[in-house]
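Have a look at the structure below before the remarks.
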Amino acid sequence: MSSMLGKRAVSSFISLMVLIVLVFFLSRLTGDPAALYLPVDASEEMRQNFREIHGLNDPVLVQFGHYLADLVRFDFGDSLRKARPALEVVLEAFTWTLELALITMALVTAAAIALGSLAAFNIGSPLDRIASLLSLIGASAPDFWIAIVGIVLFSVSLGWLPTSGTGSVWHWILPISVLFIRPFGLILQVVRGSMITALGSAYVKTARAKGVKNRPIIFVHTLRNAMLPVITVIGDQAAALLNGAVVVETIFGFPGVGKLMIDSILQRDFNVILAAIMVTALAIFVMNLLIDIAYALLDPRIRT
Amino acid sequence: MKYITALAGLLLASTAMSPAFAQDNHDVTVVLAEEADVIEPCMATRSNIGRIVLQNISETLTELDVRGDKGLMPRLAESWEMAGDNTWRFHLREGVKFSDGSDFDAEDVKHSFERAGSDQITCEISRYYEGIDITPKVVDAHTIDFTTEPAQPILPLLLSLLTIVPSETPLEFTRNPIGTGPYMLAEWNPGQDIKLARRDDYWGEAPAVTGATYLFRTDAAVRAAMVQTGEADIAPSISATDATDPEMDFSYPNSETTYLRIDQNVAPLGDKRVREALNLALDREAFIGTILAEGTQIATAINVPTTLGWNPDVTAWPYDPDKARALLAEAKADGVPVETTISLIGRTGNFPGATEVFEAIQGMLTDVGFNIDLQMVEVAEHEQYYSKPYVEDRPILVGAQHDNSRGDPVFSMYFKYHSEGRQSGINDPKVDELIETATAATGEERSALWSELFAYLHDDVVADVLLFHMVGHARVGGRVDFTPTIATNSSLQLSEIGFK
Amino acid sequence: MAEHLLEVRDLSVRFHTARGVVNAVNGISWHLDRGETLAILGESGSGKSVSASAIMNLIDCPPGEITSGQILFEGRDLLTLGGEARREINGRRIAMIFQDPLSHLNPVYPVGWQIAEAGMAHGESRHDAYARTLELMRRVGIPEPDAAMKKYPHQFSGGQRQRLMIAMALVLKPDILIADEPTTALDVTVQAEVLSLLEELQEETGMGLLLITHDLGVVAEAADRAVVMQGGRIVETGTPRELYHNAQHPYTRKLLAAAPGKGAMRQADERPAPILQVRGLTKSYGAFTALKCADFDLRAGETLAVVGESGSGKSTVARLILRLEEASGGEALWKGEDLLKKSHRQMAPLRRQLQMVFQDPTQSLAPHMSVFEIISEAWAIHRDILPKARWRARVTELLEQVGLQPEHADRYPHQFSGGQRQRIAIARALALEPELIICDEAVSALDVSIQAQVIDLLGRLRDELGIAFIFIAHDLPVVRDFADRVLVMQKGEIVEQGPVTEIFERPRELYTQRLLAAGLDADPDVQAGRRAARLALAG
Amino acid sequence: MLWADKFAFAAALFLMLMLLFAIFGPALLDGVASKQNLRARNAAPFTVERGFLYLLGGDALGRPLLARIIVAAQNTLTIAAGAVAASMVIGSTLGLIAGYAGKTTGEVIMRLADVIMSFPSLLLAVIVLYMLEPSIGNLVLVLAITRIPIYLRTTRAEVLEVRERMFVQAAQVMGASTSRIIFRHILPVILPTLLTIATLDFAFVMLAESALSFLGIGIQPPEVTWGLMVSQGRQYLTNAWWLAFWPGLMIILTTMSLNLLSGWMRVALNPTQRWRLELGGKRNG
């Protein structure tokens, strides 16, 4: 396990370095931050001065050298826009994203497993059909569309929920609901398919021959086996959420890493982009590790 | 329905999510489009920062009256006068304290000015002092002289932009702005909110608002909805399509002027007839009340009518597609390549309905025979076209929006029309000369010179395709009493807010 | 009429499939008494397992449908009982074990828990259930039962897993144990042990044992009575001895005739120089050596059988010679050229001389290709064999040669039965006109009667075309009928080799003797002798 | 055979219609669809007084929504199909190489996939659209690159499994070349899986394109796609819901049709399953 972990860490590190190099150089091809940062009527002198202060006048390779040298000392540089350490900015935003992603995925997982298992056990029933149809529609509707309709309906017309923001538990309901829809539909389908396969397995026959009741057959014997492919999909979906839910964060004013990322990209705030990529990459690495551990916990065959 | 709303209100209030629900509470919540990245007084000309900082946290020496017609009013300076050809003398208010308890004096003004112009930090307001050599000199604790080279007749106006910070403020962006204003920064949760609290030791009259919370929502519909649901009291900028409730929604001229900038160096745009045709092809009236809000004005100058020297005699271009076609035919007969594809560059989200406006413009220009290729681009790319050096491989019309609420064309003219200006598409010696003389002139002469320039640019040079003076829309909740003005685009003085 | 412990009366079950209604069993009746072993003998598709599934309430309705009949257990008709009552009987009164214990044990739970669950599902306390589990695991011969309880199914060998299944079935001391093909896919020696264990346990508890099998040898070894099924009907009932010596129904007689190991053994005649010489062939995976210094020769037209239990390295030999895996050492001289030293490019032309037929034709035929495409691919690869214009005719020829119809050429593999598929695989091998065909367990997965036909086919091809065979098998009777010479392998080593008569009549090595003794014979009398020999060897 | 599955049949009909729209729509309706008529601005749907093209209402510039939806089908489907096809071809080719070539090559390709996966797709969009023209082709490029890892990983995983199957070894024994084994034996087996992913991805790409428009870095007017229409109509949701609703509905319907059709296709492409349809057809037909 530890040697696998080491190997994983090394290969992830290599990927991350390649990624940083790519992002560093490619992003610098997308224009001069000075042009964006300063007002349009700023003079050339001001621009020059701005570039000088932020080291943008050096050759790109030199800039990269400085960046790496700082990085080794765990200094991710400062945000151009916010005049604060980029890492601090990113970690602040990432906390929000992490909470949002964790809560959403926890709810999605619980709901999709419960409903998916029931749909699989009652295959072809109205419940099964409705669940499939709704998940399909939900997964193909644009999320900003759902988000705004949600606000108009639940906040403005009905007044049940606050429109946006982060203040209380109520504020989280709409964004989580919007984020919920797509992974829910997808995971529901996977759970259903996987459970149908698992329910047809030979060991289910054994359990029935043993005289085991239906509920333990579904939730003890079958579910654990059916979870393996489900976990992979959960991992993929969680990774997508950890990268930030740009649209939802934008609309609901959630200060997450997705919004930060799109803002930094549009404003060419390079240090923030790089720090955000590194933080999310690390988070995804950790999550993949957790998924591997979950695999091993669920399936003893993987342990040996 | 009412019952449900009340119930929800109760529910929400019980979780203490929004101060707006609590009665007797004189705190207000303001929802802005874009988060303030920094709360740095010397960046207050940026609207998202200015709406929080300007005159709330940090004050200026002078202040332009936008509600009445009092012109330039005293703020931290009690009075000012010319003390010699090139020197302005300011008499500062006494007994003013910064929020950190220190006294306000001439040294602070000097430091604030020098700090803004320092090459160690990039302060945005310094751009208004570019090209003028200004030397501040402390006369005594409450008197300061500014000596300029050349003479600067509008220096007091320029100083309405200079936010005053204590002389101890370091030469880097501060995260804890100290000012003389009626409010001070109480809390800053990056990404979520910024809170201001009223100061007890403010030199002036205590404003009604006891504290303010600023929230940030990118989506205009959400901002409008927040005021509607009572989550916020004021949304200074909402989309015209959402401004449907006359009880809450105000439109205000936001001092922005939209226009198409023409780079005359590239054929066929060098030909005046072609430029006239561009102007005649547009049915400007048709936009107003449809894609653009009621109240939008057709522009005859790049500055709004409240600007010094704005020329009422200049008449807007009529909509005359036939004449436009005729002019094009004429130009074509003279060998002007009028059929060349002209790029029309628009910026996404430049103003509400930008995409539709540019699509409509493309449609109208195509109608009279132009060959228009519309490109909507994001801000960074737009900048590539907007400022010099220009992309000159093809004829380009750059759709842009210019904001000057300062009352004097000097803030626009050099950049937009001088042959050296960064966003100027023309090279006309008479224009250059007019700009230079007007900048140095004072009083009636200044006004007359600007008027002459406006007319010359519009009628003789046909420098650009001027479109509209835009209006902004603000939504104000029922609890507060606030009327937006032209200044609402760049500042939002909490002291101007009352309660019903 | 005395009441039987379990009686099936006039049971008919049909399945609604997309292909229409299939009558799985049609009006079958049989009974089982306490302490008795009844065997249901039949080939795949005969419906031999359906009645057991009906007893255990394992038939899903729909698509299944029980159209008539009764299942009387202690006088009560199980089919009229409610789900909960039947669940109560399952495991407690009637228990069942299955073929392929690996897939019938839940892979993600420790075996101890799975065994104990049988007790706990019927209200036994956790403590009692685990105590009983431990005792049973010891009883069925699992080494270190304390530690083994916490292990998972994949950590046991095939034989051990079947023992665990048996333990699981016996937790509540059921009155009836149904064993569905309990020894299929197990090595012969293990098969004999499992059957002995079942017999011992039956003696201890006095339970009735229902043994479902396709193997005449299992019937001869273990059954008191047997019913023979074909196409969903019982064609004959009787004691093993009656059936063997005095079969009435033609199907029973056909089955008995198909049982291998009866014919004359081939006399190894001296032949010219060997075409394949294997010297010191070795394969190791890290520290584990799968094959140790194998030496043998193969002469043109000769059939060399390689026998051994699973893990003996017999398949490795084939895979190394064909370069499906790379050897760790040694050489394999094909007509004097070392196959192991050829590059893949050099190997390609040689491949047409060396062909292989795999164990499972379902997997060895690409499901997305038609029979024509599968067979003609040989000529698409080796362009010089046959011009494209003649492919169709040659495919027809080959299909006829292996006993299929020309119109089968445009069908897909799944449309054929197992035996037919294996014929297709053989036709594919023949398409290249090889000099050597390696058959890796090529008939193991087939029903006896089909097995016999395929062996016949191979024999005919050998005689007509002079093809040499390396015939890898774990089934000794098949080898006895077909091979010229036999290699016996154990744990990666060749323990004995010689002409087939010598190996079968005068085995020198103890291991060979054990293997021979463990094999089951369809003749109950012969089998009784074997059993004695087996016990003697074990003792 | 398609008739056997009524839902799939309806889905196929719908997609055919969309295909016709895409091919002939712009040629027939381009003028009508871009003709502005500010008097018909946000015209309400379900009236025919302005002609049937206004049946679904008018947009913010008074252009008939029905005509615009038909014309937009071309760009929408071109982008989605282009991106899906490009990412599938490139991704599965790399996946085949990664699965069949040596360990090192495979490892390098997999790391490449990791890099692409963690590269923010928005940044990629900004980079590509900044350095190149913001055209349909370049948008396809952006979307295709971001979807490559999906196909790459799936293909590789399947290849690793399929290459161990007996029929692949049987082909090896016959002396089949590597390319023959890959294209004749492995690819046909994994193709149904890839096509299933591709149909699902089709929806994903349409939505991603829409989200890019929402963020202001996707397709820009005067080009028009359903995604762009939804994103432009968003600001009128409260007072002219139809602007965003119809194109959104088209996305949903197309997605659902593809889903249904992919379910059918998975059966139809599999010789061992195909009989279900053949039989069903007989029984129903």
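Residue numbering restarts at 1 in every chain; chains get A, B, ... in the order shown in the structure tokens, and ligands count up from 1 in that same order.
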Counting only C-alpha atoms, which residues of chain C fall within 7 Å of chain A, and what is the closest atom pair for each with its distance in Å at one decimal, ordered by chain and rising number, as a tab-separated table?
```
residue	atom	partner	partner_atom	distance
C:Met56	CA	A:Ala209	CA	6.1
C:Leu58	CA	A:Lys205	CA	6.9
C:Arg87	CA	A:Gly211	CA	4.6
C:Glu88	CA	A:Gly211	CA	6.2
C:Asn90	CA	A:Gly211	CA	4.7
C:Gly91	CA	A:Lys210	CA	4.2
C:Ala95	CA	A:Ala209	CA	6.5
C:Met96	CA	A:Ala209	CA	6.3
C:Ser103	CA	A:Ala202	CA	5.7
C:His104	CA	A:Tyr203	CA	4.1
C:Leu105	CA	A:Tyr203	CA	5.2
C:Asn106	CA	A:Tyr203	CA	5.2
C:Val108	CA	A:Asp299	CA	5.2
C:Ala118	CA	A:Lys210	CA	5.4
C:Ala121	CA	A:Val212	CA	5.4
C:Tyr152	CA	A:Pro300	CA	6.9
C:His154	CA	A:Arg301	CA	6.8
```
Based on the selection just made, write N, CA and C atoms of those residues as a PDB file, in the first residue's frame.
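Contents of the output file selection.pdb:
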```pdb
ATOM      1  N   MET C  56     -36.250 -24.586  -3.695  1.00  0.00           N
ATOM      2  CA  MET C  56     -35.651 -23.519  -2.895  1.00  0.00           C
ATOM      3  C   MET C  56     -36.309 -22.160  -3.160  1.00  0.00           C
ATOM      4  N   LEU C  58     -36.173 -20.421  -5.832  1.00  0.00           N
ATOM      5  CA  LEU C  58     -35.177 -19.566  -6.500  1.00  0.00           C
ATOM      6  C   LEU C  58     -35.586 -19.218  -7.927  1.00  0.00           C
ATOM      7  N   ARG C  87     -39.029 -19.137   3.263  1.00  0.00           N
ATOM      8  CA  ARG C  87     -37.732 -18.651   3.728  1.00  0.00           C
ATOM      9  C   ARG C  87     -37.318 -19.382   4.997  1.00  0.00           C
ATOM     10  N   GLU C  88     -38.313 -19.643   5.826  1.00  0.00           N
ATOM     11  CA  GLU C  88     -38.033 -20.355   7.072  1.00  0.00           C
ATOM     12  C   GLU C  88     -37.478 -21.751   6.799  1.00  0.00           C
ATOM     13  N   ASN C  90     -35.939 -22.696   3.931  1.00  0.00           N
ATOM     14  CA  ASN C  90     -34.623 -22.578   3.281  1.00  0.00           C
ATOM     15  C   ASN C  90     -33.525 -22.450   4.320  1.00  0.00           C
ATOM     16  N   GLY C  91     -32.519 -23.252   4.164  1.00  0.00           N
ATOM     17  CA  GLY C  91     -31.391 -23.141   5.078  1.00  0.00           C
ATOM     18  C   GLY C  91     -31.600 -23.936   6.341  1.00  0.00           C
ATOM     19  N   ALA C  95     -31.190 -27.323   2.653  1.00  0.00           N
ATOM     20  CA  ALA C  95     -30.083 -26.434   2.303  1.00  0.00           C
ATOM     21  C   ALA C  95     -29.553 -26.818   0.938  1.00  0.00           C
ATOM     22  N   MET C  96     -28.833 -25.874   0.363  1.00  0.00           N
ATOM     23  CA  MET C  96     -28.361 -26.140  -1.003  1.00  0.00           C
ATOM     24  C   MET C  96     -26.932 -25.647  -1.172  1.00  0.00           C
ATOM     25  N   SER C 103     -18.200 -17.980  -7.148  1.00  0.00           N
ATOM     26  CA  SER C 103     -19.179 -16.936  -7.426  1.00  0.00           C
ATOM     27  C   SER C 103     -20.399 -17.051  -6.516  1.00  0.00           C
ATOM     28  N   HIS C 104     -20.563 -18.199  -5.875  1.00  0.00           N
ATOM     29  CA  HIS C 104     -21.713 -18.331  -4.992  1.00  0.00           C
ATOM     30  C   HIS C 104     -21.424 -17.891  -3.565  1.00  0.00           C
ATOM     31  N   LEU C 105     -20.178 -17.571  -3.297  1.00  0.00           N
ATOM     32  CA  LEU C 105     -19.871 -16.966  -1.994  1.00  0.00           C
ATOM     33  C   LEU C 105     -19.740 -15.473  -2.212  1.00  0.00           C
ATOM     34  N   ASN C 106     -20.253 -14.705  -1.287  1.00  0.00           N
ATOM     35  CA  ASN C 106     -20.170 -13.253  -1.427  1.00  0.00           C
ATOM     36  C   ASN C 106     -18.721 -12.812  -1.264  1.00  0.00           C
ATOM     37  N   VAL C 108     -17.230 -10.108  -0.701  1.00  0.00           N
ATOM     38  CA  VAL C 108     -16.796  -8.992   0.141  1.00  0.00           C
ATOM     39  C   VAL C 108     -17.016  -9.240   1.634  1.00  0.00           C
ATOM     40  N   ALA C 118     -26.193 -18.025   8.053  1.00  0.00           N
ATOM     41  CA  ALA C 118     -27.242 -19.017   7.835  1.00  0.00           C
ATOM     42  C   ALA C 118     -27.987 -19.290   9.142  1.00  0.00           C
ATOM     43  N   ALA C 121     -29.784 -15.860  10.347  1.00  0.00           N
ATOM     44  CA  ALA C 121     -30.991 -15.548   9.581  1.00  0.00           C
ATOM     45  C   ALA C 121     -32.195 -16.302  10.121  1.00  0.00           C
ATOM     46  N   TYR C 152     -11.456 -14.217   3.420  1.00  0.00           N
ATOM     47  CA  TYR C 152     -12.456 -13.993   2.381  1.00  0.00           C
ATOM     48  C   TYR C 152     -12.407 -15.124   1.355  1.00  0.00           C
ATOM     49  N   HIS C 154     -11.854 -15.453  -1.739  1.00  0.00           N
ATOM     50  CA  HIS C 154     -10.785 -15.576  -2.722  1.00  0.00           C
ATOM     51  C   HIS C 154      -9.486 -16.090  -2.125  1.00  0.00           C
TER      52      HIS C 154
END
```
(request) Just need the residues of chain D within 6 Å of chain A, counting only C-alpha atoms, so spit them out as a ChimeraX atom specification. (result) /D:111,115,127,207,252
(request) Determine the nearest neighbour of chain C from the options D:Gln235, D:Gln172, D:Thr255, D:Thr193, counting only C-alpha atoms. (result) D:Gln172
(message) Please identify the alpha helix (DSSP H) residues within stretch 263-301 of chain B (assignment by DSSP from backbone atoms) and present them as a PyMOL selection string.
(response) chain B and resi 272-281+284-287
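We find atom CA of C:Lys292 and atom CA of C:Gly498 to be spaced 18.6 Å apart.
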(message) With distances taken over only C-alpha atoms, which residue among C:Leu535, C:Ala380, C:Ile234, C:Leu209 lies nearest chain D?
(response)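 That would be C:Ala380, the residue with the smallest distance to chain D.
Excluding D:Ala40 itself and any same-chain residue fewer than 5 positions from it, the protein and nucleic acid residues within 12 Å of it, counting only C-alpha atoms, are B:Thr290, B:Ile291, D:Lys35, D:Pro45, D:Thr47, D:Glu49, D:Arg50, D:Gly51, D:Leu53, D:Tyr54, D:Gly57, D:Gly58, D:Asp59, D:Ala60, D:Leu61, D:Gly62, D:Arg63, D:Pro64, D:Leu65.
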(request) Considering only C-alpha atoms, extract the chain B residues located within 8 Å of chain A and return them as a ChimeraX atom specification. (result) /B:1,4-5,8-9,12,15,17,37-38,119-122,124,127,130,173,190-192,216-219,222,225-226,228-229,231,378-381,383,387,415,422-423
(request) Give me every strand (DSSP E) residue in stretch 227-439 of chain C, going by DSSP on the backbone, as a ChimeraX atom specification. (result) /C:227-230,233-238,274-285,288-299,303-308,329-334,337-338,354-357,436-439
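Distance criterion 6 Å to chain D, applied with only C-alpha atoms, yields C:Ala348, C:Arg351, C:Gln363, C:Ser364, C:Leu365, C:Ala366, C:Ile381, C:His414 on chain C.
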